[in-house]
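Enquirer: First the structure, then my questions, so here it is.
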Amino acid sequence: MKILVCIKQVPGTTSVEVDEETGVLKRDGVESKMNPFDLYAIEQALLLREKYGGCVDVITMGPRQAEAILKEAIYMGADRGILISDRKFAGADVVATSYTLSQGIRKAGTYDLILCGKQTTDGDTAQVGPETAEFLHLEHVTNVQEVYGVEESDILVKENQEHYFRELRLKTPCLLTLEKDVNTPRLPSFKRKMAMKNVEIEVFSLSDLEDTQESNYGLAGSPTQVERIFPPEKNTSRQLYEGSGEKLGDVVYDILKQEKFVD
């Protein structure tokens with residue numbers, strides 16, 4: 001099988017500043033890490049390769065510093081890392097991001113299976129995987145709880161529908177987004193890291209893609225625009241009351257009434 005895993009570099013902290021004009025996170029100088037959900041997608045790809053043979057590629061969109069997570073994936077066992085990077089891609093919403101990924105995937109080659117984490121921890125939209133599949137005209141299933149295996153050109157999966165599960169059979173090529181309980185990700189191999197410390201990461205810029213129209217990427221290609229974004233205000237004030245349960249009950253009731261939560 002030829003498998004591609006879409007991964008993303010996300011902030012390693014919740015203390016990230018926001019550009020008030022563009023509504024985009026200021027990522028420069030911020031400690032970053034691989035999106036935790038993507039680790040399960042990488043592990044699933046490696047398990048399928050071990051069972052059926054083939055190769056595992058990983059791809060991400062971002063600045064040059066995102067090469068770090070591609071190398072981490074290679075140290076886990078992936079064969080090839082691809083970075084889609086161009087300043088013209090900056091500020092993309094989920095639609096523009098998905099379109100850029102789809103263009104990068106078309107450039108990277110043809111795949112039997114594309115895997116994504118369920119969502120990212122910086123956006124939490126869970127939309128990029130399905131939208132990328134739509135741009136690639138692929139069948140897709142989200143919230144995959146288990147991958148049973150492959151039979152000829154079909155892949156068998158269990159989908160989590162929150163209140164029930166569905167067992168599905170898809171024709172490949174297709175795209176899956178994976179839940180975090182689908183497996184237990186392995187750690188990067190130190191031995192493999194030493195052997196591949198000089199591994200080359202392929203980089204695609206806008207000029208390398210099939211569609212080179214700038215207006216289809218980044219802020220210009222984003223149908224949604226952020227009107228205002230701001231970090232939540234931190235409130236560390238507190239009030240301490242002591243007394244019997246009956247007295248404290250009266251205090252809580254008075255506070256709720258004062259705040260008009262109760263009549």
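As shown in the structure tokens, the chain order sets the letters A, B, ...; within each chain, residues go from 1, and ligands are also counted from 1 in the order they appear.
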Report as JSON lines: every residue of segment 16-98 of chain A with an atom at most 10 Å from segment 146-156 of chain A, its closest pair of atoms, and their distance in Å to one decimal, counting only C-alpha atoms, with rows sorted by chain and ascending residue number.
Expert:
```
{"residue": "A:Gln44", "atom": "CA", "partner": "A:Val147", "partner_atom": "CA", "distance": 8.1}
{"residue": "A:Leu48", "atom": "CA", "partner": "A:Gly149", "partner_atom": "CA", "distance": 7.8}
{"residue": "A:Lys51", "atom": "CA", "partner": "A:Gly149", "partner_atom": "CA", "distance": 9.0}
{"residue": "A:Tyr52", "atom": "CA", "partner": "A:Val150", "partner_atom": "CA", "distance": 8.3}
```
Enquirer: Near segment 101-110 of chain A, within 6 Å and counting only C-alpha atoms, which residues show up once chain neighbours fewer than 2 positions away are dropped, as an MDAnalysis selection string?
Expert: chainID A and resid 98:99 132
Enquirer: If DSSP is run on the backbone, what residues of segment 93-233 of chain A are helix (DSSP H, G or I)? A reply as a PyMOL selection string would be ideal.
Expert: chain A and resi 94-108+128-136+180-182+190-195+206-208+214-216
Enquirer: A:Gln225, A:Gln145, A:Ser207, A:Ser244: which is nearest Glu179 of chain A, counting only C-alpha atoms?
Expert: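 Closest candidate: A:Gln145.
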Enquirer: Just the residues within 12 Å of Glu50 of chain A, please, counting only C-alpha atoms, with nothing from its chain fewer than 2 positions along; format it as a list in words.
Expert: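 So the residues in contact are Met1, Lys2, Ile3, Glu43, Gln44, Ala45, Leu46, Leu47, Leu48, Tyr52, Gly53, Gly54, Cys55, Val56, Gly77, Ala78 and Gly149 of chain A.
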Enquirer: Export all heavy atoms of the chosen residues as a JSON list (two decimals), in the first residue's frame?
Expert:
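Everything below was put into again37.json:
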```
[["chain", "number", "residue", "atom", "x", "y", "z"],
["A", 1, "MET", "N", 0.83, -1.20, 0.00],
["A", 1, "MET", "CA", 0.00, 0.00, 0.00],
["A", 1, "MET", "C", 0.87, 1.25, 0.00],
["A", 1, "MET", "O", 1.93, 1.28, 0.62],
["A", 1, "MET", "CB", -0.89, 0.05, 1.25],
["A", 1, "MET", "CG", -1.93, -1.02, 1.34],
["A", 1, "MET", "SD", -3.04, -0.72, 2.74],
["A", 1, "MET", "CE", -3.93, 0.72, 2.15],
["A", 2, "LYS", "N", 0.40, 2.26, -0.70],
["A", 2, "LYS", "CA", 1.06, 3.55, -0.68],
["A", 2, "LYS", "C", 0.19, 4.49, 0.15],
["A", 2, "LYS", "O", -0.94, 4.81, -0.23],
["A", 2, "LYS", "CB", 1.24, 4.08, -2.10],
["A", 2, "LYS", "CG", 2.21, 5.24, -2.18],
["A", 2, "LYS", "CD", 2.53, 5.62, -3.60],
["A", 2, "LYS", "CE", 3.54, 6.78, -3.62],
["A", 2, "LYS", "NZ", 3.82, 7.23, -5.01],
["A", 3, "ILE", "N", 0.72, 4.89, 1.30],
["A", 3, "ILE", "CA", -0.07, 5.64, 2.28],
["A", 3, "ILE", "C", 0.54, 7.02, 2.50],
["A", 3, "ILE", "O", 1.76, 7.16, 2.59],
["A", 3, "ILE", "CB", -0.13, 4.88, 3.62],
["A", 3, "ILE", "CG1", -0.64, 3.45, 3.40],
["A", 3, "ILE", "CG2", -1.01, 5.61, 4.62],
["A", 3, "ILE", "CD1", -0.52, 2.57, 4.63],
["A", 43, "GLU", "N", 0.90, 6.21, 13.32],
["A", 43, "GLU", "CA", 1.00, 4.84, 13.82],
["A", 43, "GLU", "C", 0.14, 3.89, 12.99],
["A", 43, "GLU", "O", 0.58, 2.78, 12.66],
["A", 43, "GLU", "CB", 0.57, 4.79, 15.29],
["A", 43, "GLU", "CG", 0.58, 3.40, 15.91],
["A", 43, "GLU", "CD", 1.96, 2.77, 15.95],
["A", 43, "GLU", "OE1", 2.96, 3.51, 15.98],
["A", 43, "GLU", "OE2", 2.03, 1.52, 15.97],
["A", 44, "GLN", "N", -1.07, 4.32, 12.63],
["A", 44, "GLN", "CA", -1.94, 3.45, 11.84],
["A", 44, "GLN", "C", -1.32, 3.16, 10.48],
["A", 44, "GLN", "O", -1.39, 2.04, 9.97],
["A", 44, "GLN", "CB", -3.31, 4.10, 11.67],
["A", 44, "GLN", "CG", -4.33, 3.18, 11.03],
["A", 44, "GLN", "CD", -4.58, 1.95, 11.88],
["A", 44, "GLN", "OE1", -5.03, 2.04, 13.03],
["A", 44, "GLN", "NE2", -4.30, 0.77, 11.34],
["A", 45, "ALA", "N", -0.71, 4.18, 9.88],
["A", 45, "ALA", "CA", -0.05, 3.99, 8.59],
["A", 45, "ALA", "C", 1.08, 2.98, 8.71],
["A", 45, "ALA", "O", 1.25, 2.10, 7.84],
["A", 45, "ALA", "CB", 0.47, 5.32, 8.07],
["A", 46, "LEU", "N", 1.87, 3.08, 9.76],
["A", 46, "LEU", "CA", 2.99, 2.16, 9.96],
["A", 46, "LEU", "C", 2.51, 0.73, 10.20],
["A", 46, "LEU", "O", 3.10, -0.23, 9.71],
["A", 46, "LEU", "CB", 3.86, 2.64, 11.12],
["A", 46, "LEU", "CG", 4.52, 4.02, 10.94],
["A", 46, "LEU", "CD1", 5.27, 4.41, 12.20],
["A", 46, "LEU", "CD2", 5.45, 4.02, 9.74],
["A", 47, "LEU", "N", 1.41, 0.58, 10.93],
["A", 47, "LEU", "CA", 0.85, -0.75, 11.17],
["A", 47, "LEU", "C", 0.36, -1.38, 9.87],
["A", 47, "LEU", "O", 0.56, -2.58, 9.64],
["A", 47, "LEU", "CB", -0.31, -0.64, 12.18],
["A", 47, "LEU", "CG", 0.07, -0.28, 13.62],
["A", 47, "LEU", "CD1", -1.19, -0.04, 14.45],
["A", 47, "LEU", "CD2", 0.91, -1.38, 14.26],
["A", 48, "LEU", "N", -0.28, -0.58, 9.03],
["A", 48, "LEU", "CA", -0.75, -1.09, 7.75],
["A", 48, "LEU", "C", 0.42, -1.47, 6.84],
["A", 48, "LEU", "O", 0.37, -2.49, 6.14],
["A", 48, "LEU", "CB", -1.65, -0.06, 7.07],
["A", 48, "LEU", "CG", -3.02, 0.15, 7.72],
["A", 48, "LEU", "CD1", -3.72, 1.36, 7.11],
["A", 48, "LEU", "CD2", -3.90, -1.10, 7.56],
["A", 52, "TYR", "N", 0.86, -5.09, 5.21],
["A", 52, "TYR", "CA", 0.60, -5.25, 3.77],
["A", 52, "TYR", "C", 1.77, -4.80, 2.89],
["A", 52, "TYR", "O", 1.69, -4.96, 1.67],
["A", 52, "TYR", "CB", -0.65, -4.45, 3.38],
["A", 52, "TYR", "CG", -1.89, -4.87, 4.14],
["A", 52, "TYR", "CD1", -2.38, -4.08, 5.17],
["A", 52, "TYR", "CD2", -2.54, -6.06, 3.83],
["A", 52, "TYR", "CE1", -3.52, -4.47, 5.87],
["A", 52, "TYR", "CE2", -3.67, -6.45, 4.53],
["A", 52, "TYR", "CZ", -4.16, -5.65, 5.56],
["A", 52, "TYR", "OH", -5.27, -6.04, 6.26],
["A", 53, "GLY", "N", 2.82, -4.24, 3.49],
["A", 53, "GLY", "CA", 3.93, -3.73, 2.70],
["A", 53, "GLY", "C", 3.62, -2.38, 2.10],
["A", 53, "GLY", "O", 2.53, -1.82, 2.30],
["A", 54, "GLY", "N", 4.59, -1.80, 1.40],
["A", 54, "GLY", "CA", 4.37, -0.50, 0.77],
["A", 54, "GLY", "C", 5.24, 0.58, 1.39],
["A", 54, "GLY", "O", 6.34, 0.31, 1.88],
["A", 55, "CYS", "N", 4.72, 1.81, 1.38],
["A", 55, "CYS", "CA", 5.49, 2.94, 1.91],
["A", 55, "CYS", "C", 4.56, 3.92, 2.60],
["A", 55, "CYS", "O", 3.35, 3.94, 2.37],
["A", 55, "CYS", "CB", 6.27, 3.65, 0.79],
["A", 55, "CYS", "SG", 5.22, 4.42, -0.44],
["A", 56, "VAL", "N", 5.14, 4.73, 3.47],
["A", 56, "VAL", "CA", 4.40, 5.75, 4.21],
["A", 56, "VAL", "C", 5.08, 7.10, 4.00],
["A", 56, "VAL", "O", 6.24, 7.28, 4.36],
["A", 56, "VAL", "CB", 4.34, 5.43, 5.72],
["A", 56, "VAL", "CG1", 3.71, 6.58, 6.49],
["A", 56, "VAL", "CG2", 3.57, 4.14, 5.96],
["A", 77, "GLY", "N", 9.24, 6.11, 11.68],
["A", 77, "GLY", "CA", 9.22, 5.03, 10.71],
["A", 77, "GLY", "C", 8.76, 5.42, 9.32],
["A", 77, "GLY", "O", 8.79, 4.59, 8.41],
["A", 78, "ALA", "N", 8.30, 6.66, 9.12],
["A", 78, "ALA", "CA", 7.85, 7.09, 7.80],
["A", 78, "ALA", "C", 9.01, 7.11, 6.82],
["A", 78, "ALA", "O", 10.18, 7.23, 7.21],
["A", 78, "ALA", "CB", 7.20, 8.47, 7.88],
["A", 149, "GLY", "N", -8.81, -3.78, 8.47],
["A", 149, "GLY", "CA", -7.84, -4.32, 7.52],
["A", 149, "GLY", "C", -8.23, -4.01, 6.10],
["A", 149, "GLY", "O", -9.18, -3.27, 5.83]]
```
Enquirer: Val10 of chain A: which residues within 8 Å, counting only C-alpha atoms, same-chain residues fewer than 3 positions away excluded, as a count of residues only?
Expert: 7
Enquirer: Write out as a ChimeraX atom specification the residues lying within 12 Å of Val95 of chain A, counting only C-alpha atoms and excluding same-chain residues fewer than 5 positions away.
Expert: /A:89,100-102,125-135,216-225
Enquirer: Based on the backbone DSSP call, show me all residues of segment 100-234 of chain A assigned strand (DSSP E or B), as an MDAnalysis selection string.
Expert: chainID A and resid 113:117 139:151 154:160 165:171 174:178 202:204
Enquirer: Once you have the residues from the selection above, write them out as a short mmCIF file (atom, residue, chain, number, x, y, z; two decimals), in the first residue's frame, restricted to N, CA, C and O atoms.
Expert:
```
data_model
loop_
_atom_site.label_atom_id
_atom_site.label_comp_id
_atom_site.auth_asym_id
_atom_site.auth_seq_id
_atom_site.Cartn_x
_atom_site.Cartn_y
_atom_site.Cartn_z
N LEU A 113 -4.23 5.30 0.19
CA LEU A 113 -4.90 5.70 1.42
C LEU A 113 -4.27 6.98 1.96
O LEU A 113 -3.04 7.10 1.99
N ILE A 114 -5.11 7.92 2.37
CA ILE A 114 -4.65 9.14 3.03
C ILE A 114 -5.24 9.16 4.43
O ILE A 114 -6.44 8.97 4.61
N LEU A 115 -4.40 9.36 5.43
CA LEU A 115 -4.82 9.36 6.83
C LEU A 115 -4.59 10.74 7.45
O LEU A 115 -3.58 11.40 7.16
N CYS A 116 -5.51 11.14 8.31
CA CYS A 116 -5.39 12.40 9.05
C CYS A 116 -5.79 12.15 10.50
O CYS A 116 -6.58 11.25 10.79
N GLY A 117 -5.27 12.98 11.40
CA GLY A 117 -5.78 12.97 12.76
C GLY A 117 -7.20 13.53 12.76
O GLY A 117 -7.63 14.22 11.83
N GLU A 139 -13.63 9.29 -1.63
CA GLU A 139 -14.51 8.87 -0.54
C GLU A 139 -13.76 9.06 0.78
O GLU A 139 -12.54 8.91 0.83
N HIS A 140 -14.51 9.36 1.85
CA HIS A 140 -13.83 9.56 3.13
C HIS A 140 -14.77 9.21 4.29
O HIS A 140 -15.99 9.25 4.16
N VAL A 141 -14.14 8.86 5.39
CA VAL A 141 -14.86 8.57 6.64
C VAL A 141 -14.13 9.28 7.76
O VAL A 141 -12.90 9.24 7.85
N THR A 142 -14.90 9.94 8.62
CA THR A 142 -14.31 10.65 9.77
C THR A 142 -14.52 9.83 11.04
O THR A 142 -15.31 8.89 11.08
N ASN A 143 -13.81 10.23 12.09
CA ASN A 143 -13.97 9.63 13.42
C ASN A 143 -13.84 8.10 13.40
O ASN A 143 -14.62 7.37 14.00
N VAL A 144 -12.81 7.63 12.70
CA VAL A 144 -12.59 6.18 12.62
C VAL A 144 -12.03 5.67 13.95
O VAL A 144 -11.00 6.14 14.43
N GLN A 145 -12.74 4.73 14.52
CA GLN A 145 -12.37 4.17 15.82
C GLN A 145 -11.45 2.96 15.68
O GLN A 145 -10.64 2.68 16.57
N GLU A 146 -11.57 2.26 14.54
CA GLU A 146 -10.76 1.05 14.33
C GLU A 146 -10.63 0.79 12.84
O GLU A 146 -11.59 0.97 12.09
N VAL A 147 -9.44 0.38 12.43
CA VAL A 147 -9.20 -0.06 11.06
C VAL A 147 -9.04 -1.57 11.10
O VAL A 147 -8.06 -2.08 11.64
N TYR A 148 -10.01 -2.29 10.52
CA TYR A 148 -9.97 -3.75 10.59
C TYR A 148 -8.92 -4.34 9.67
O TYR A 148 -8.25 -5.31 10.02
N GLY A 149 -8.81 -3.78 8.47
CA GLY A 149 -7.84 -4.32 7.52
C GLY A 149 -8.23 -4.01 6.10
O GLY A 149 -9.18 -3.27 5.83
N VAL A 150 -7.49 -4.60 5.17
CA VAL A 150 -7.68 -4.36 3.75
C VAL A 150 -7.98 -5.68 3.06
O VAL A 150 -7.33 -6.69 3.32
N GLU A 151 -9.00 -5.66 2.20
CA GLU A 151 -9.35 -6.83 1.39
C GLU A 151 -9.37 -6.40 -0.07
O GLU A 151 -10.25 -5.64 -0.48
N ASP A 154 -10.52 -2.90 -1.03
CA ASP A 154 -11.41 -2.35 -0.02
C ASP A 154 -10.70 -2.22 1.32
O ASP A 154 -9.81 -3.00 1.64
N ILE A 155 -11.12 -1.21 2.10
CA ILE A 155 -10.62 -1.08 3.47
C ILE A 155 -11.82 -1.10 4.40
O ILE A 155 -12.86 -0.49 4.13
N LEU A 156 -11.70 -1.85 5.50
CA LEU A 156 -12.80 -2.04 6.44
C LEU A 156 -12.51 -1.26 7.72
O LEU A 156 -11.44 -1.40 8.32
N VAL A 157 -13.48 -0.43 8.14
CA VAL A 157 -13.26 0.44 9.30
C VAL A 157 -14.50 0.47 10.19
O VAL A 157 -15.60 0.11 9.76
N LYS A 158 -14.30 0.93 11.42
CA LYS A 158 -15.40 1.19 12.34
C LYS A 158 -15.44 2.69 12.63
O LYS A 158 -14.44 3.26 13.07
N GLU A 159 -16.58 3.30 12.39
CA GLU A 159 -16.73 4.75 12.55
C GLU A 159 -17.50 5.06 13.83
O GLU A 159 -18.54 4.44 14.12
N ASN A 160 -17.02 6.03 14.58
CA ASN A 160 -17.67 6.46 15.82
C ASN A 160 -18.69 7.55 15.50
O ASN A 160 -18.33 8.65 15.09
N PHE A 165 -21.85 2.96 16.70
CA PHE A 165 -20.75 2.72 15.76
C PHE A 165 -21.29 2.16 14.45
O PHE A 165 -22.33 1.49 14.43
N ARG A 166 -20.58 2.46 13.35
CA ARG A 166 -20.92 1.90 12.05
C ARG A 166 -19.70 1.18 11.48
O ARG A 166 -18.59 1.71 11.54
N GLU A 167 -19.90 0.00 10.95
CA GLU A 167 -18.84 -0.71 10.25
C GLU A 167 -19.01 -0.45 8.76
O GLU A 167 -20.10 -0.66 8.20
N LEU A 168 -17.95 0.02 8.11
CA LEU A 168 -18.03 0.47 6.73
C LEU A 168 -16.96 -0.19 5.88
O LEU A 168 -15.87 -0.52 6.36
N ARG A 169 -17.26 -0.34 4.61
CA ARG A 169 -16.31 -0.86 3.64
C ARG A 169 -16.16 0.21 2.55
O ARG A 169 -17.14 0.64 1.95
N LEU A 170 -14.92 0.69 2.34
CA LEU A 170 -14.67 1.72 1.34
C LEU A 170 -13.74 1.20 0.25
O LEU A 170 -12.86 0.38 0.52
N LYS A 171 -13.94 1.70 -0.94
CA LYS A 171 -13.02 1.45 -2.03
C LYS A 171 -11.83 2.39 -1.90
O LYS A 171 -11.99 3.56 -1.57
N CYS A 174 -8.98 6.33 -0.72
CA CYS A 174 -9.92 7.03 0.14
C CYS A 174 -9.15 7.75 1.24
O CYS A 174 -7.92 7.63 1.34
N LEU A 175 -9.87 8.53 2.04
CA LEU A 175 -9.25 9.28 3.13
C LEU A 175 -9.99 8.98 4.43
O LEU A 175 -11.22 8.94 4.45
N LEU A 176 -9.23 8.79 5.50
CA LEU A 176 -9.79 8.53 6.83
C LEU A 176 -9.25 9.53 7.83
O LEU A 176 -8.07 9.89 7.77
N THR A 177 -10.10 9.98 8.75
CA THR A 177 -9.61 10.73 9.90
C THR A 177 -9.81 9.86 11.14
O THR A 177 -10.86 9.23 11.29
N LEU A 178 -8.79 9.81 12.00
CA LEU A 178 -8.74 8.81 13.06
C LEU A 178 -8.93 9.40 14.45
O LEU A 178 -8.42 10.46 14.78
N GLU A 202 11.49 17.19 1.22
CA GLU A 202 11.09 17.85 -0.02
C GLU A 202 10.22 19.06 0.30
O GLU A 202 9.36 19.00 1.17
N VAL A 203 10.43 20.14 -0.42
CA VAL A 203 9.67 21.37 -0.18
C VAL A 203 8.97 21.79 -1.46
O VAL A 203 9.60 21.93 -2.52
N PHE A 204 7.64 21.97 -1.38
CA PHE A 204 6.85 22.47 -2.49
C PHE A 204 6.45 23.91 -2.20
O PHE A 204 5.89 24.20 -1.13
#
```
Enquirer: How far is it from atom CA of Asp211 of chain A to atom CA of Tyr111 of chain A, in Å with one decimal?
Expert: 19.8 Å
Enquirer: Between A:Asp112, A:Asp38, A:Asp79, A:Glu233, which one has atoms that come closest to Pro185 of chain A, using only C-alpha atoms?
Expert: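 Distance minimum relative to Pro185 of chain A lands on A:Asp38.
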Enquirer: Go ahead and compute the interatomic distance for atom CA of Ile84 of chain A and atom CA of Met61 of chain A, in Å to one decimal.
Expert: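 These two atoms are separated by 4.5 Å.
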Enquirer: So the first atom is atom CA of Asn198 of chain A and the second is atom CA of Thr60 of chain A; what is the distance between them in Å, to one decimal place?
Expert: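 Distance reported for this atom pair: 18.9 Å.
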Enquirer: For each of A:Asp124, A:Phe37, A:Val5, A:Gly12, take the minimum atom-to-atom distance to Thr184 of chain A, counting only C-alpha atoms, then give the residue where this is smallest.
Expert: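 Going through A:Asp124, A:Phe37, A:Val5, A:Gly12 one by one, the smallest distance to Thr184 of chain A is for A:Phe37.
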Enquirer: May I ask which of the residues A:Ala41, A:Leu136, A:Ile74, A:Ile7 is the closest one to Glu200 of chain A, counting only C-alpha atoms?
Expert: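 Among the listed residues, A:Ile74 lies closest to Glu200 of chain A.
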